[in-house]
There are 2 protein chains.
Amino acid sequence: MAQIAVVQRTFAVLEAVAASGSASAKEVAGRLEIPLPSVYRLLQELVVAGYLVHLREQGSFELGPKCFDLGLSFRQRVIAPQSIRHAADQVHRALGAAAYFAVYRGEDIVLTYLSDCEKHPRLRPLRFGFHEAAHATAFGKILLAGMEQEQREVYLRARGTPRLTPQTLVDSAGIEAHLDEVAARGIAWEHEEFLPGQTCAAVPVRNGTGMAVAAIAMSIRTPDAAHRHRQIETVLREHAGRCSRYLRMG
Amino acid sequence: MAQIAVVQRTFAVLEAVAASGSASAKEVAGRLEIPLPSVYRLLQELVVAGYLVHLREQGSFELGPKCFDLGLSFRQRVIAPQSIRHAADQVHRALGAAAYFAVYRGEDIVLTYLSDCEKHPRLRPLRFGFHEAAHATAFGKILLAGMEQEQREVYLRARGTPRLTPQTLVDSAGIEAHLDEVAARGIAWEHEEFLPGQTCAAVPVRNGTGMAVAAIAMSIRTPDAAHRHRQIETVLREHAGRCSRYLRMG
DNA sequence: TCGGTATTCTCGTGAGATGAGAACCGAGGC
DNA sequence: GCCTCGGTTCTCATCTCACGAGAATACCGA
């Protein structure tokens, strides 16, 4: 699978620097067990390319501008488009709850928009970017439920299903059974499985072919969710429909 | 200067994808004039390394998780530390003006912290990250004034000195003369040279050896600056001193 | 002036990157 | 079912060019 040695080494060097924040050539050489001249060659290459900077006075290398640019490009590519953000903002307002938009992309689940405020804060651990605890969040579960079983197994095996609260579903049999139900209902509820005291719900957003490619979700304190399940489901579905329509139009 | 062909090609491919947001192998091959099999090899390598993802259903490649990670690492490394952010917040509060902290790093000027609020908004074009208009901002000028002349010339030649407002200094003789004055006074004022209606000021933050490695700055609407130059200078200097002390302690 | 460290240079060798071409695969169209 | 046609992967003979030991040089602090 892995092929071009130089390229792999180059990324290894880049990531070594990224991990340390700041590293000397010797440190990198030591950590990666690559002879010093080669490390210098690769470092130089990375500096010329703009992915590292050489802080001569300190004899160390750090991440360069291109790393920032890549991060920005990624963000701009992945962030939910205007109209979807708008839909999430409306869910936020209509329910008085933090709202989320997540997509399935490549092999990953990515949170591409969060709509919250001081009165209705998002779940603290959640932020823009990759999501690792799909088995314990409403939007994670709805997206898992939409995958082929094989794909789902690969996904869950790769990241595990750690217990985050006493309610977290951790055994694969239990998860599979639960996801069947989620798929059947077309909505995922999550009751304190991710964070104690918080209840979440998510519904799928489908593309033209009916595949669940994204999810719109909300989180609210558990007591505030009581007797509002109907309303929450209605609002989520309404805006999921709008998102679907938007996706279909491109 | 440039050496390892494969590595350069690899980054060329990565950046081609980043620039397009999404690109097929053929597009990349066309744009870079690299034979198709080689492009596939490099794309695959980038996918394995996590810098790209292969969206099979669309036959296209997009940026992957590692790009996001790099951006995060960069941010975490570069963002001003807690105590410096605190100093900038205090400047913000004491002056009722947006406050900024910028450092000179490698060959670049980087804005590493902004402290503003709705009542005292930052200059809109400014945001966290690399700064390109050093000749037209207060913190840019104070850092330029602290460089060796040669270094400064390289810097300005590389980025140019575009006219942003009627007040912008654009000719190198004028800039040099102005920077001499700035260096002598130890404070840079900027009167509507970057944005009409806005006045800024910046003072240097020095490391243990007395070199100007950073700047603390503020921006305010020009009318609000009248008769407050003394106060602004005093507040900035006070907190620049604190920042310097912090830098010396590490 | 003198260690010690960081960085760059030199160069012969062979691993391994290269790209033309062909095979493979999957989705539509007929 | 069969055929077509992109997109993608594989094969392989060629020869470039990346490799790393070692030496040289630059740089810094004492």
# chains A, B, ... in the order shown; residues from 1 in each chain; ligands from 1

call {"tool": "residues_around", "arguments": {"residues": "range 83-92 of chain B", "least_positions_apart": "5", "cutoff": "7 Å", "atoms": "only C-alpha atoms (C1' of nucleotides)", "output": "number ranges by chain"}}
result
B: 97-101, 113, 115-116, 235-236, 239, 243

call {"tool": "select_by_dssp", "arguments": {"residues": "range 17-189 of chain A", "states": "alpha helix (DSSP H)", "output": "PyMOL selection string"}}
result
chain A and resi 17-20+25-32+36-49+65-78+82-95+138-146+149-159+172-185

call {"tool": "closest_atom_pairs", "arguments": {"of": "chain B", "to": "chain D", "cutoff": "10 Å", "atoms": "only C-alpha atoms (C1' of nucleotides)", "output": "JSON lines"}}
result
{"residue": "B:Gln3", "atom": "CA", "partner": "D:DA18", "partner_atom": "C1'", "distance": 9.6}
{"residue": "B:Ile4", "atom": "CA", "partner": "D:DA18", "partner_atom": "C1'", "distance": 7.6}
{"residue": "B:Ala5", "atom": "CA", "partner": "D:DC17", "partner_atom": "C1'", "distance": 8.9}
{"residue": "B:Val6", "atom": "CA", "partner": "D:DA18", "partner_atom": "C1'", "distance": 9.9}
{"residue": "B:Ser24", "atom": "CA", "partner": "D:DG7", "partner_atom": "C1'", "distance": 9.5}
{"residue": "B:Ala25", "atom": "CA", "partner": "D:DG7", "partner_atom": "C1'", "distance": 8.9}
{"residue": "B:Lys26", "atom": "CA", "partner": "D:DG7", "partner_atom": "C1'", "distance": 9.2}
{"residue": "B:Pro37", "atom": "CA", "partner": "D:DT9", "partner_atom": "C1'", "distance": 8.9}
{"residue": "B:Tyr40", "atom": "CA", "partner": "D:DT8", "partner_atom": "C1'", "distance": 8.2}
{"residue": "B:Arg41", "atom": "CA", "partner": "D:DT9", "partner_atom": "C1'", "distance": 9.7}
{"residue": "B:Arg56", "atom": "CA", "partner": "D:DG7", "partner_atom": "C1'", "distance": 9.7}
{"residue": "B:Gly59", "atom": "CA", "partner": "D:DG7", "partner_atom": "C1'", "distance": 7.3}

call {"tool": "residues_around", "arguments": {"residues": "Pro166 in chain B", "least_positions_apart": "4", "cutoff": "12 Å", "atoms": "only C-alpha atoms (C1' of nucleotides)", "output": "PyMOL selection string"}}
result
chain B and resi 136+162+170+191-197

call {"tool": "closest_atom_pairs", "arguments": {"of": "chain A", "to": "chain B", "cutoff": "6 Å", "atoms": "only C-alpha atoms", "output": "tab-separated table"}}
result
residue	atom	partner	partner_atom	distance
A:Val7	CA	B:Val7	CA	5.8
A:Gly21	CA	B:Arg77	CA	5.9
A:Val53	CA	B:Gly106	CA	5.8
A:Leu55	CA	B:Gly106	CA	5.6
A:Leu63	CA	B:Phe74	CA	6.0
A:Cys67	CA	B:Gly71	CA	5.4
A:Phe68	CA	B:Gly71	CA	4.8
A:Leu70	CA	B:Cys67	CA	5.5
A:Gly71	CA	B:Gly71	CA	4.1
A:Phe74	CA	B:Leu63	CA	6.0
A:Arg77	CA	B:Gly21	CA	5.9
A:Gly106	CA	B:Leu55	CA	5.6

call {"tool": "interface_residues", "arguments": {"of": "chain C", "to": "chain A", "cutoff": "10 Å", "atoms": "only C-alpha atoms (C1' of nucleotides)", "output": "PyMOL selection string"}}
result
chain C and resi 6-8+16-17

call {"tool": "atom_distance", "arguments": {"atom1": "CA of Arg152 in chain A", "atom2": "CA of Asp171 in chain A"}}
result
13.8 Å

call {"tool": "closest_residue", "arguments": {"among": "A:Ala133, A:Leu114, A:Ile175, A:Ala184", "to": "Ala217 in chain A", "atoms": "only C-alpha atoms"}}
result
A:Leu114
